[in-house]
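What follows is my_file.tsv (TSV, C-alpha atoms).
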```tsv
chain	number	residue	atom	x	y	z
M	171	MET	CA	7.67	46.31	20.31
M	172	LYS	CA	6.17	47.54	17.05
M	173	LYS	CA	9.41	46.84	15.21
M	174	THR	CA	9.56	43.33	16.67
M	175	LEU	CA	5.99	42.63	15.58
M	176	LEU	CA	6.67	43.85	12.05
M	177	THR	CA	9.76	41.67	11.88
M	178	PHE	CA	7.75	38.67	13.06
M	179	LEU	CA	5.03	39.28	10.48
M	180	ALA	CA	7.58	39.68	7.69
M	181	THR	CA	9.28	36.45	8.73
M	182	ALA	CA	5.94	34.63	8.84
M	183	ALA	CA	5.07	35.90	5.38
M	184	MET	CA	8.41	34.74	4.03
M	185	SER	CA	7.92	31.34	5.66
M	186	ALA	CA	4.47	30.99	4.11
M	187	THR	CA	5.92	31.85	0.72
M	188	ALA	CA	8.69	29.34	1.22
M	189	LEU	CA	6.21	26.63	2.16
M	190	ALA	CA	4.08	27.40	-0.87
M	191	ALA	CA	7.17	27.16	-3.05
M	192	ASP	CA	7.97	23.71	-1.69
M	193	ILE	CA	5.34	22.17	-3.95
M	194	LYS	CA	5.78	22.54	-7.70
M	195	PRO	CA	3.00	20.34	-9.07
M	196	ALA	CA	2.90	19.17	-12.65
M	197	ILE	CA	0.73	17.01	-14.84
M	198	ILE	CA	1.52	15.36	-18.16
M	199	TYR	CA	-1.43	14.30	-20.29
M	200	ASP	CA	-1.72	11.26	-22.51
M	201	LEU	CA	-2.29	11.18	-26.25
M	202	GLY	CA	-5.59	12.69	-27.26
M	203	GLY	CA	-4.87	16.11	-25.79
M	204	LYS	CA	-5.78	18.16	-22.75
M	205	PHE	CA	-9.19	19.15	-24.11
M	206	ASP	CA	-10.41	15.77	-25.34
M	207	LYS	CA	-13.74	16.28	-23.51
M	208	SER	CA	-13.04	13.00	-21.71
M	209	PHE	CA	-10.11	11.41	-19.83
M	210	ASN	CA	-7.40	14.05	-20.20
M	211	GLU	CA	-9.81	16.90	-19.66
M	212	ALA	CA	-10.98	15.31	-16.42
M	213	ALA	CA	-7.34	15.28	-15.27
M	214	TYR	CA	-6.98	18.94	-16.26
M	215	ASN	CA	-10.14	19.83	-14.31
M	216	GLY	CA	-8.67	18.27	-11.17
M	217	ALA	CA	-5.49	20.32	-11.53
M	218	GLU	CA	-7.52	23.47	-12.14
M	219	LYS	CA	-9.61	22.86	-9.02
M	220	PHE	CA	-6.43	22.60	-6.95
M	221	LYS	CA	-5.04	25.81	-8.45
M	222	THR	CA	-8.30	27.67	-7.82
M	223	GLU	CA	-8.49	26.56	-4.20
M	224	THR	CA	-4.85	27.10	-3.26
M	225	GLY	CA	-3.53	29.71	-5.66
M	226	ILE	CA	-0.64	27.37	-6.44
M	227	ALA	CA	0.12	27.17	-10.14
M	228	TYR	CA	1.02	23.93	-11.85
M	229	ARG	CA	2.93	22.97	-14.96
M	230	ASP	CA	1.40	20.80	-17.64
M	231	PHE	CA	2.34	19.31	-20.98
M	232	GLU	CA	0.56	17.57	-23.84
M	233	ILE	CA	2.65	14.94	-25.59
M	234	ALA	CA	2.30	14.61	-29.35
M	235	ASN	CA	3.76	11.11	-29.62
M	236	ASP	CA	5.13	8.28	-27.51
M	237	ALA	CA	8.72	9.32	-28.15
M	238	GLN	CA	8.19	12.43	-26.01
M	239	ARG	CA	7.26	10.57	-22.84
M	240	GLU	CA	10.68	10.03	-21.29
M	241	GLN	CA	12.02	13.42	-22.33
M	242	ALA	CA	9.01	15.22	-20.84
M	243	LEU	CA	9.04	13.31	-17.56
M	244	ARG	CA	12.80	13.74	-17.11
M	245	ARG	CA	12.54	17.46	-17.81
M	246	PHE	CA	9.81	17.95	-15.22
M	247	ALA	CA	11.61	15.86	-12.59
M	248	GLY	CA	14.95	17.53	-13.35
M	249	ASP	CA	13.35	20.97	-12.99
M	250	GLY	CA	12.22	20.08	-9.48
M	251	ASN	CA	8.53	19.63	-10.17
M	252	ASN	CA	6.94	17.68	-7.32
M	253	PRO	CA	4.49	15.95	-7.35
M	254	ILE	CA	4.20	14.91	-10.97
M	255	VAL	CA	1.01	13.23	-12.16
M	256	MET	CA	0.86	11.17	-15.36
M	257	ALA	CA	-2.55	10.66	-16.90
M	258	GLY	CA	-2.74	7.25	-18.53
M	259	PHE	CA	-1.48	3.68	-18.38
M	260	SER	CA	0.99	4.24	-21.23
M	261	TRP	CA	3.29	6.15	-18.86
M	262	ALA	CA	4.13	3.04	-16.85
M	263	ALA	CA	7.35	1.95	-18.59
M	264	THR	CA	8.78	5.48	-18.54
M	265	LEU	CA	7.83	5.98	-14.90
M	266	GLU	CA	9.44	2.70	-13.85
M	267	LYS	CA	12.74	4.05	-15.09
M	268	VAL	CA	12.52	7.71	-14.07
M	269	ALA	CA	10.99	7.22	-10.59
M	270	ALA	CA	14.01	5.19	-9.51
M	271	GLU	CA	16.35	8.00	-10.56
M	272	TYR	CA	14.43	10.67	-8.62
M	273	PRO	CA	13.66	8.98	-5.28
M	274	ASP	CA	12.74	12.27	-3.58
M	275	THR	CA	10.13	13.18	-6.18
M	276	LYS	CA	6.53	12.11	-5.65
M	277	PHE	CA	4.85	10.63	-8.72
M	278	ALA	CA	1.28	9.55	-9.37
M	279	ILE	CA	0.08	7.51	-12.32
M	280	ILE	CA	-3.53	6.97	-13.32
M	281	ASP	CA	-4.76	3.64	-14.72
M	282	MET	CA	-1.67	1.55	-14.07
M	283	VAL	CA	0.27	0.13	-11.12
M	284	VAL	CA	3.95	1.02	-10.81
M	285	ASP	CA	5.49	-0.54	-7.73
M	286	LYS	CA	7.98	2.07	-6.54
M	287	PRO	CA	8.30	3.63	-3.06
M	288	ASN	CA	7.67	7.14	-4.40
M	289	VAL	CA	4.76	6.32	-6.73
M	290	ARG	CA	1.03	6.45	-6.10
M	291	SER	CA	-0.90	4.24	-8.52
M	292	VAL	CA	-4.56	5.16	-8.98
M	293	VAL	CA	-6.78	2.57	-10.64
M	294	PHE	CA	-10.54	2.49	-11.05
M	295	LYS	CA	-13.29	-0.12	-11.08
M	296	GLU	CA	-14.53	1.01	-14.48
M	297	GLU	CA	-16.55	-2.17	-14.74
M	298	GLU	CA	-18.80	-1.06	-11.85
M	299	GLY	CA	-19.70	2.30	-13.35
M	300	SER	CA	-20.13	0.69	-16.76
M	301	TRP	CA	-22.58	-1.83	-15.26
M	302	LEU	CA	-24.83	1.07	-14.28
M	303	ALA	CA	-24.48	2.57	-17.75
M	304	GLY	CA	-25.49	-0.80	-19.22
M	305	ILE	CA	-28.65	-0.89	-17.12
M	306	LEU	CA	-29.68	2.57	-18.31
M	307	ALA	CA	-28.87	1.69	-21.92
M	308	ALA	CA	-30.93	-1.50	-21.91
M	309	MET	CA	-33.87	0.11	-20.15
M	310	SER	CA	-33.86	2.98	-22.69
M	311	SER	CA	-33.48	0.80	-25.76
M	312	GLN	CA	-36.53	0.26	-27.94
M	313	SER	CA	-34.79	-2.37	-30.09
M	314	LYS	CA	-33.18	-4.20	-27.15
M	315	THR	CA	-29.89	-3.88	-29.04
M	316	VAL	CA	-27.26	-1.55	-27.61
M	317	SER	CA	-23.60	-1.11	-28.48
M	318	PHE	CA	-20.11	-0.20	-27.31
M	319	VAL	CA	-17.29	1.60	-29.12
M	320	GLY	CA	-13.87	1.28	-27.51
M	321	GLY	CA	-10.77	3.25	-28.39
M	322	MET	CA	-7.56	1.23	-28.33
M	323	ASP	CA	-8.21	-2.52	-28.22
M	324	ILE	CA	-6.57	-3.27	-24.87
M	325	PRO	CA	-7.65	-5.07	-21.68
M	326	LEU	CA	-8.34	-1.81	-19.83
M	327	ILE	CA	-11.00	-0.80	-22.35
M	328	HIS	CA	-12.45	-4.30	-22.33
M	329	LYS	CA	-13.11	-3.65	-18.60
M	330	PHE	CA	-15.56	-0.93	-19.62
M	331	ALA	CA	-17.14	-3.12	-22.30
M	332	CYS	CA	-17.55	-6.17	-20.08
M	333	GLY	CA	-19.18	-4.22	-17.25
M	334	TYR	CA	-21.51	-2.56	-19.73
M	335	ILE	CA	-22.50	-5.89	-21.28
M	336	GLY	CA	-23.13	-7.39	-17.84
M	337	GLY	CA	-25.25	-4.47	-16.71
M	338	ALA	CA	-27.29	-4.43	-19.90
M	339	LYS	CA	-27.95	-8.17	-19.80
M	340	SER	CA	-28.86	-8.01	-16.10
M	341	THR	CA	-32.11	-6.32	-17.19
M	342	GLY	CA	-33.22	-9.32	-19.29
M	343	PRO	CA	-31.87	-12.16	-21.43
M	344	ASP	CA	-33.22	-10.65	-24.67
M	345	VAL	CA	-30.76	-7.74	-24.66
M	346	LYS	CA	-28.08	-7.82	-27.38
M	347	VAL	CA	-24.81	-5.87	-27.10
M	348	LEU	CA	-22.61	-5.05	-30.11
M	349	GLU	CA	-18.94	-4.35	-29.45
M	350	ALA	CA	-16.19	-2.76	-31.60
M	351	TYR	CA	-12.85	-0.98	-31.19
M	352	THR	CA	-11.28	1.88	-33.11
M	353	GLY	CA	-7.77	0.48	-33.47
M	354	THR	CA	-4.72	-1.13	-31.92
M	355	THR	CA	-2.41	1.90	-31.75
M	356	PRO	CA	-2.56	5.11	-29.66
M	357	ASP	CA	-4.11	6.87	-32.68
M	358	ALA	CA	-7.31	5.10	-31.69
M	359	TRP	CA	-7.87	7.72	-28.99
M	360	ASN	CA	-8.09	10.62	-31.40
M	361	ASP	CA	-10.10	9.59	-34.46
M	362	PRO	CA	-13.63	10.99	-34.12
M	363	VAL	CA	-14.40	10.33	-37.79
M	364	LYS	CA	-13.76	6.60	-37.42
M	365	GLY	CA	-15.64	6.57	-34.11
M	366	GLY	CA	-18.66	8.02	-35.86
M	367	GLU	CA	-18.41	5.49	-38.69
M	368	ILE	CA	-18.34	2.56	-36.24
M	369	ALA	CA	-21.35	3.94	-34.38
M	370	LYS	CA	-23.30	4.33	-37.66
M	371	SER	CA	-22.49	0.72	-38.53
M	372	GLN	CA	-23.85	-0.39	-35.17
M	373	PHE	CA	-27.03	1.64	-35.71
M	374	ASP	CA	-27.46	-0.17	-39.03
M	375	GLN	CA	-27.34	-3.42	-37.04
M	376	GLY	CA	-30.17	-2.30	-34.79
M	377	SER	CA	-28.44	-0.50	-31.91
M	378	ASP	CA	-30.24	2.55	-30.60
M	379	VAL	CA	-27.95	3.33	-27.63
M	380	VAL	CA	-24.16	3.49	-27.93
M	381	TYR	CA	-21.59	3.79	-25.12
M	382	HIS	CA	-18.05	4.86	-25.89
M	383	ALA	CA	-14.79	4.53	-23.99
M	384	ALA	CA	-12.59	6.06	-26.64
M	385	GLY	CA	-11.18	9.40	-25.49
M	386	GLY	CA	-11.33	12.07	-28.19
M	387	THR	CA	-12.65	9.49	-30.66
M	388	GLY	CA	-15.81	9.32	-28.58
M	389	VAL	CA	-16.76	12.86	-29.57
M	390	GLY	CA	-17.48	11.44	-33.02
M	391	VAL	CA	-19.49	8.58	-31.51
M	392	LEU	CA	-21.73	10.97	-29.59
M	393	GLN	CA	-22.12	13.23	-32.64
M	394	ALA	CA	-23.15	10.27	-34.79
M	395	ALA	CA	-25.74	9.21	-32.22
M	396	ALA	CA	-27.21	12.72	-32.02
M	397	ASP	CA	-27.33	13.01	-35.82
M	398	ALA	CA	-29.03	9.62	-36.16
M	399	GLY	CA	-31.64	10.28	-33.49
M	400	LYS	CA	-30.10	7.64	-31.24
M	401	LEU	CA	-28.74	7.94	-27.71
M	402	GLY	CA	-25.07	8.15	-26.78
M	403	ILE	CA	-23.37	7.48	-23.46
M	404	GLY	CA	-20.31	9.52	-22.54
M	405	VAL	CA	-17.33	8.50	-20.45
M	406	ASP	CA	-14.80	9.77	-17.90
M	407	SER	CA	-15.98	13.40	-17.87
M	408	ASN	CA	-19.64	14.40	-17.79
M	409	GLN	CA	-20.41	14.64	-21.50
M	410	ASN	CA	-24.16	15.07	-21.11
M	411	GLY	CA	-23.91	18.71	-22.16
M	412	LEU	CA	-22.25	17.98	-25.51
M	413	HIS	CA	-25.65	17.09	-26.98
M	414	PRO	CA	-28.34	17.91	-24.40
M	415	GLY	CA	-31.23	15.46	-24.58
M	416	LYS	CA	-29.24	13.14	-26.86
M	417	VAL	CA	-26.70	11.81	-24.35
M	418	LEU	CA	-28.42	9.29	-22.08
M	419	THR	CA	-25.77	9.56	-19.37
M	420	SER	CA	-22.01	9.61	-18.87
M	421	MET	CA	-20.02	7.03	-16.95
M	422	LEU	CA	-18.02	9.22	-14.63
M	423	LYS	CA	-14.49	8.15	-13.84
M	424	ARG	CA	-13.15	10.58	-11.29
M	425	VAL	CA	-9.75	11.20	-12.80
M	426	ASP	CA	-10.19	14.78	-11.62
M	427	VAL	CA	-10.34	13.57	-8.02
M	428	ALA	CA	-7.19	11.48	-8.48
M	429	VAL	CA	-5.21	14.49	-9.73
M	430	TYR	CA	-6.64	16.87	-7.16
M	431	ASP	CA	-5.91	14.46	-4.29
M	432	ALA	CA	-2.33	13.91	-5.46
M	433	PHE	CA	-1.64	17.66	-5.52
M	434	LYS	CA	-3.55	18.36	-2.30
M	435	SER	CA	-1.95	15.56	-0.26
M	436	ALA	CA	1.53	16.61	-1.40
M	437	ASN	CA	0.76	20.22	-0.47
M	438	GLU	CA	-0.31	19.09	3.00
M	439	ASP	CA	2.68	16.74	3.32
M	440	LYS	CA	0.32	13.76	3.43
M	441	PHE	CA	1.18	12.15	0.09
M	442	THR	CA	1.23	8.36	0.34
M	443	PRO	CA	2.56	5.96	-2.29
M	444	GLY	CA	0.94	2.61	-3.08
M	445	ILE	CA	-2.22	1.53	-4.84
M	446	ASN	CA	-5.48	3.48	-4.64
M	447	VAL	CA	-8.51	1.59	-6.01
M	448	LEU	CA	-11.60	3.70	-6.65
M	449	GLY	CA	-14.98	2.12	-7.33
M	450	LEU	CA	-18.63	2.83	-6.53
M	451	LYS	CA	-17.99	2.54	-2.80
M	452	GLU	CA	-15.29	5.23	-2.95
M	453	ASP	CA	-17.37	7.42	-5.33
M	454	GLY	CA	-14.63	6.93	-7.91
M	455	VAL	CA	-17.07	5.92	-10.66
M	456	GLY	CA	-20.74	6.48	-11.32
M	457	VAL	CA	-23.29	7.76	-13.82
M	458	ALA	CA	-24.21	11.40	-14.37
M	459	ILE	CA	-27.76	12.69	-14.09
M	460	ASP	CA	-28.25	16.42	-14.56
M	461	ASP	CA	-30.48	18.94	-16.33
M	462	ASN	CA	-29.16	17.82	-19.72
M	463	ASN	CA	-30.43	14.24	-19.41
M	464	ALA	CA	-33.01	14.30	-16.61
M	465	SER	CA	-35.88	13.93	-19.08
M	466	LEU	CA	-34.31	10.71	-20.41
M	467	ILE	CA	-34.05	8.99	-17.03
M	468	SER	CA	-37.35	7.66	-15.68
M	469	ALA	CA	-38.03	7.04	-12.01
M	470	GLU	CA	-37.90	3.31	-12.73
M	471	MET	CA	-34.48	3.64	-14.37
M	472	LYS	CA	-33.15	5.72	-11.51
M	473	ALA	CA	-34.43	3.17	-8.97
M	474	ALA	CA	-32.80	0.32	-10.91
M	475	VAL	CA	-29.45	2.11	-10.90
M	476	GLU	CA	-29.65	2.92	-7.20
M	477	LYS	CA	-30.48	-0.70	-6.36
M	478	ALA	CA	-27.63	-2.03	-8.50
M	479	LYS	CA	-25.22	0.46	-6.94
M	480	ALA	CA	-26.26	-0.58	-3.42
M	481	ASP	CA	-25.99	-4.28	-4.30
M	482	ILE	CA	-22.51	-3.85	-5.80
M	483	ILE	CA	-21.28	-1.88	-2.77
M	484	ALA	CA	-22.79	-4.48	-0.43
M	485	GLY	CA	-21.19	-7.32	-2.38
M	486	THR	CA	-24.45	-9.07	-3.25
M	487	VAL	CA	-23.70	-8.34	-6.91
M	488	THR	CA	-20.16	-8.88	-8.14
M	489	VAL	CA	-19.12	-7.26	-11.39
M	490	HIS	CA	-16.48	-9.24	-13.26
M	491	ASP	CA	-13.15	-7.47	-13.81
M	492	TYR	CA	-12.03	-8.32	-17.35
M	493	MET	CA	-8.40	-7.66	-16.45
M	494	SER	CA	-8.42	-10.39	-13.80
M	495	ASP	CA	-8.50	-13.14	-16.45
M	496	GLU	CA	-9.02	-11.31	-19.77
M	497	SER	CA	-12.45	-12.84	-20.25
M	498	CYS	CA	-16.03	-11.62	-20.05
M	499	PRO	CA	-18.59	-14.14	-18.75
M	500	TYR	CA	-21.73	-12.22	-19.76
```
Any chance you could put this one into structure tokens?
Amino acid sequence: MKKTLLTFLATAAMSATALAADIKPAIIYDLGGKFDKSFNEAAYNGAEKFKTETGIAYRDFEIANDAQREQALRRFAGDGNNPIVMAGFSWAATLEKVAAEYPDTKFAIIDMVVDKPNVRSVVFKEEEGSWLAGILAAMSSQSKTVSFVGGMDIPLIHKFACGYIGGAKSTGPDVKVLEAYTGTTPDAWNDPVKGGEIAKSQFDQGSDVVYHAAGGTGVGVLQAAADAGKLGIGVDSNQNGLHPGKVLTSMLKRVDVAVYDAFKSANEDKFTPGINVLGLKEDGVGVAIDDNNASLISAEMKAAVEKAKADIIAGTVTVHDYMSDESCPY
């Protein structure tokens, strides 16, 4: 009897190990690097949360240039990694090709839709979270001029800008919003010096609150704001702690949740392909209020944000999606 029980326990342990080995998760970051304090780092945090909770390790890789995309994705898929998450819209063309060649591998891409039966596409309503950031910016501004610094000049980043402009102007017609972009190539995501220079130029034009959606470049934007005695607004990750008391808020884009859910659902054999859209209703975007910025957010500001959030979720306020027609009506 004892021998039978020991055999059963050994078999169960082996089965558990085998099940754990069935998932070999991996994540490949976009340009800007794993520790960009923003988009990529949010993705990394989601993978780390999964590893901490399950004990299952994951593979990751930071590309140095666009030429590495296909090689990296093929290597991971060929090595049996499953699921594989790609952080960033720029992976779409590579994924279109590779996903078809590995039909049994589960893929997830963030910020772009790839219509394949084994791909989960996670997109966000950045415009909704940015609307809330715009309200806080306008209500904090003494000059009634606020500004936006985007990274690469592409429709996705214009989504952030347009929502921000709409939210700021919803507080009153006298609010002015300046808008600029770092560049037209992927290098725009990793140029903090240029980001800081653009922010300083906007301060010279009267802006006293600047919001960035620029990846690693945004670190320079927030630094410039802190140095100039202005307020910055972070993006993607909670960047309030980078300059406590100098960052008004951060527009949270829950890339960490997207990565964590992809790994977790695959581990539980519940991974589903298709399009996942995450907005305020799904808690996919929002603004961060914590000990680092609590003194900057008045009760009136907090109430305005809560009302706007409720109105957007209820549908009584519709935030324009720039990518629907590549225009901004505000």
For Glu296 of chain M: contacts at 8 Å, all atoms listed in the file, fewer than 5 positions along chain excluded, given as a PDB file with C-alpha atoms, in the coordinates of the input:
```pdb
ATOM      1  CA  LYS M 329     -13.110  -3.650 -18.600  1.00  0.00           C
ATOM      2  CA  PHE M 330     -15.560  -0.930 -19.620  1.00  0.00           C
ATOM      3  CA  GLY M 333     -19.180  -4.220 -17.250  1.00  0.00           C
ATOM      4  CA  LYS M 423     -14.490   8.150 -13.840  1.00  0.00           C
ATOM      5  CA  GLY M 449     -14.980   2.120  -7.330  1.00  0.00           C
ATOM      6  CA  VAL M 455     -17.070   5.920 -10.660  1.00  0.00           C
TER       7      VAL M 455
END
```
Of the candidates M:Arg244, M:His382, M:Asn463, M:Ile197, which one gets nearest to Lys416 of chain M if we count only C-alpha atoms? M:Asn463
For Leu401 of chain M, find every residue with an atom within 6 Å (counting all atoms listed in the file), except residues of its own chain fewer than 5 positions away, and show them as a PyMOL selection string. chain M and resi 379+395+416-418
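Excluding Phe209 of chain M itself and any same-chain residue fewer than 2 positions from it, the protein and nucleic acid residues within 10 Å of it, counting only C-alpha atoms, are Tyr199, Asp200, Gly202, Gly203, Lys204, Phe205, Asp206, Lys207, Glu211, Ala212, Ala213, Tyr214, Ala257, Gly258, Ala383, Ala384, Gly385, Gly386, Val405, Asp406, Ser407, Leu422, Lys423, Arg424, Val425 and Asp426 of chain M.
Ranking M:Val380, M:Val293, M:Val475, M:Leu392 by their shortest atom-to-atom distance to Ile305 of chain M, with all atoms listed in the file included, puts M:Val475 first.
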Pick from M:Val457, M:Met471, M:Ala350, M:Leu306, whichever lies nearest to Ile327 of chain M using only C-alpha atoms: M:Ala350
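Across M:Val389, M:Ile403, M:Leu448, M:Val292, the tightest approach to Leu466 of chain M is made by M:Ile403 when counting all atoms listed in the file.
Distances here use only C-alpha atoms; by that measure, the residue among M:Gly248, M:Pro325, M:Gly365, M:Gly376 closest to Lys346 of chain M is M:Gly376.
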Find the residues around Ala432 of chain M up to 8 Å (all atoms listed in the file counted), leave out those fewer than 3 positions away in its own chain, and share them as an MDAnalysis selection string. chainID M and resid 253 255 278 428:429 435:436 441
Exercise: segment 351-356 of chain M partners within 6 Å, all atoms listed in the file, chain neighbours under 3 positions left out, as an NGL selection string: :M and (319-323 or 359)
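Restricting the calculation to all atoms listed in the file, the smallest distance between Ile226 of chain M and any of M:Asp495, M:Val347, M:Ser208, M:Lys434 is found for M:Lys434.
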